[in-house]
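Below is one structure, written out as structure tokens; the observations come after it.
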Amino acid sequence: MGPVRLGTLLFILTVYGAWAGTPKEEDDDTERLPSKCEVCKLLSLELQEELSRTGRSREVLELGQVLDTGKRKRHIPYSVSETRLEEALENLCERILDYSVHAERKGSLRYAKGQSQTMATLKGLVQKGVKVDLGIPLELWDEPSVEVTFLKKQCETMLEEFEDVVGDWYFHHQEQPLQHFLCEGHVLPASETACLQETWTGKEKITDGQEKTEEEEQEEEEEVTNTPVHSQRDPEDL
């Protein structure tokens, strides 16, 4: 095996573990299932973003029927209608499958849309002719991982359980952030809300249990992708 930085080996082991769901020690953050806090955080984020996208619509809905008595249809702005909420909730949890596991990030920040640095590095190695064997076909590398699939299922369960709470927020409490109203107010005990305070600044990354700046990660990635590697070993052999 050619000279490879330890970070590369950890990248390979991390992606393989996250996709395959290999058992592990509980204190290792590189591979785990999402917490209830993380599920609620992403559910709230997705719904709030979808509602923000449609909030400026000037469409007016006509509800009801014109009866023989002459009663007119009700006109309700789409922006405050139940229809808008129903459309926002439709396929809400399905959109969770657009997330990837960014195992180089810590806490709830590991779940984000777009390709992770880990996967980008591995694909870069493959493009350079390096044989990278994760135990799964290359065409399945972009399929949702065990973690993301679990996240989607838990989103559906939580949404079903707290659908009335979401409706109450939509019609009566939108002056509060949904994350605060739903997650802190109804879903989570106070002792389990820490992940709600985690925000991405570009520096929240983990390597060998230590934080590393984005600049250091970029330098390491450049060194790794420029290093000739010839390996035909499975992740378990690395």
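Going through the structure tokens in order, the chains are called A, B, and so on, while each chain numbers its residues from 1 and the ligands are numbered from 1 in the order shown.
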Shell around A:Trp169 at 8 Å using only C-alpha atoms, local window under 4 positions removed, as a list in words: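 Surrounding residues, per the criterion: Val165, His173, Gln174, Leu178, Phe181 and Leu182 of chain A.
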Selected residues written out with N, CA and C atoms, as a PDB file, in the first residue's frame:
```pdb
ATOM      1  N   VAL A 165     -49.600  19.789  16.901  1.00  0.00           N
ATOM      2  CA  VAL A 165     -48.735  20.850  17.426  1.00  0.00           C
ATOM      3  C   VAL A 165     -48.229  21.726  16.286  1.00  0.00           C
ATOM      4  N   HIS A 173     -49.022  30.639  16.207  1.00  0.00           N
ATOM      5  CA  HIS A 173     -47.770  30.979  16.905  1.00  0.00           C
ATOM      6  C   HIS A 173     -46.594  31.196  15.953  1.00  0.00           C
ATOM      7  N   GLN A 174     -46.830  31.650  14.759  1.00  0.00           N
ATOM      8  CA  GLN A 174     -45.722  31.792  13.823  1.00  0.00           C
ATOM      9  C   GLN A 174     -44.749  32.906  14.185  1.00  0.00           C
ATOM     10  N   LEU A 178     -40.289  27.774  14.567  1.00  0.00           N
ATOM     11  CA  LEU A 178     -40.870  26.439  14.710  1.00  0.00           C
ATOM     12  C   LEU A 178     -39.987  25.543  15.566  1.00  0.00           C
ATOM     13  N   PHE A 181     -40.759  26.338  19.168  1.00  0.00           N
ATOM     14  CA  PHE A 181     -42.115  25.968  19.571  1.00  0.00           C
ATOM     15  C   PHE A 181     -42.285  24.454  19.605  1.00  0.00           C
ATOM     16  N   LEU A 182     -41.822  23.786  18.556  1.00  0.00           N
ATOM     17  CA  LEU A 182     -42.034  22.337  18.450  1.00  0.00           C
ATOM     18  C   LEU A 182     -41.026  21.551  19.279  1.00  0.00           C
TER      19      LEU A 182
END
```
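Remark: for A:Tyr99, the closest of the candidate residues A:Gly202, A:Pro144, A:Pro34, A:Gly185 is A:Pro144 (distances computed over only C-alpha atoms).
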Selected residue, from A:Phe162, A:Phe150, A:Tyr111, A:Trp141, that lies nearest to A:Leu188 when counting only C-alpha atoms: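 Closest to A:Leu188, using only C-alpha atoms: A:Phe162.
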Write out as JSON lines a residue-level contact list of stretch 100-213 of chain A versus stretch 83-96 of chain A with cut-off 9 Å: for each qualifying residue the closest pair of atoms and the distance in Å to one decimal, counting only C-alpha atoms, rows sorted by chain and residue number upward.
```
{"residue": "A:Ser100", "atom": "CA", "partner": "A:Ile96", "partner_atom": "CA", "distance": 9.0}
{"residue": "A:Lys113", "atom": "CA", "partner": "A:Ile96", "partner_atom": "CA", "distance": 8.7}
{"residue": "A:Val148", "atom": "CA", "partner": "A:Ile96", "partner_atom": "CA", "distance": 7.2}
{"residue": "A:Thr149", "atom": "CA", "partner": "A:Ile96", "partner_atom": "CA", "distance": 8.3}
{"residue": "A:Leu151", "atom": "CA", "partner": "A:Ile96", "partner_atom": "CA", "distance": 7.2}
{"residue": "A:Lys152", "atom": "CA", "partner": "A:Cys93", "partner_atom": "CA", "distance": 5.5}
{"residue": "A:Lys153", "atom": "CA", "partner": "A:Cys93", "partner_atom": "CA", "distance": 7.7}
{"residue": "A:Gln154", "atom": "CA", "partner": "A:Cys93", "partner_atom": "CA", "distance": 8.7}
{"residue": "A:Cys155", "atom": "CA", "partner": "A:Cys93", "partner_atom": "CA", "distance": 5.7}
{"residue": "A:Glu156", "atom": "CA", "partner": "A:Cys93", "partner_atom": "CA", "distance": 6.0}
{"residue": "A:Leu159", "atom": "CA", "partner": "A:Cys93", "partner_atom": "CA", "distance": 8.5}
{"residue": "A:Gly167", "atom": "CA", "partner": "A:Leu85", "partner_atom": "CA", "distance": 7.9}
{"residue": "A:Tyr170", "atom": "CA", "partner": "A:Leu85", "partner_atom": "CA", "distance": 7.5}
```
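The two atoms in question, atom CA of A:Lys36 and atom CA of A:Glu161, are spaced 12.9 Å apart.
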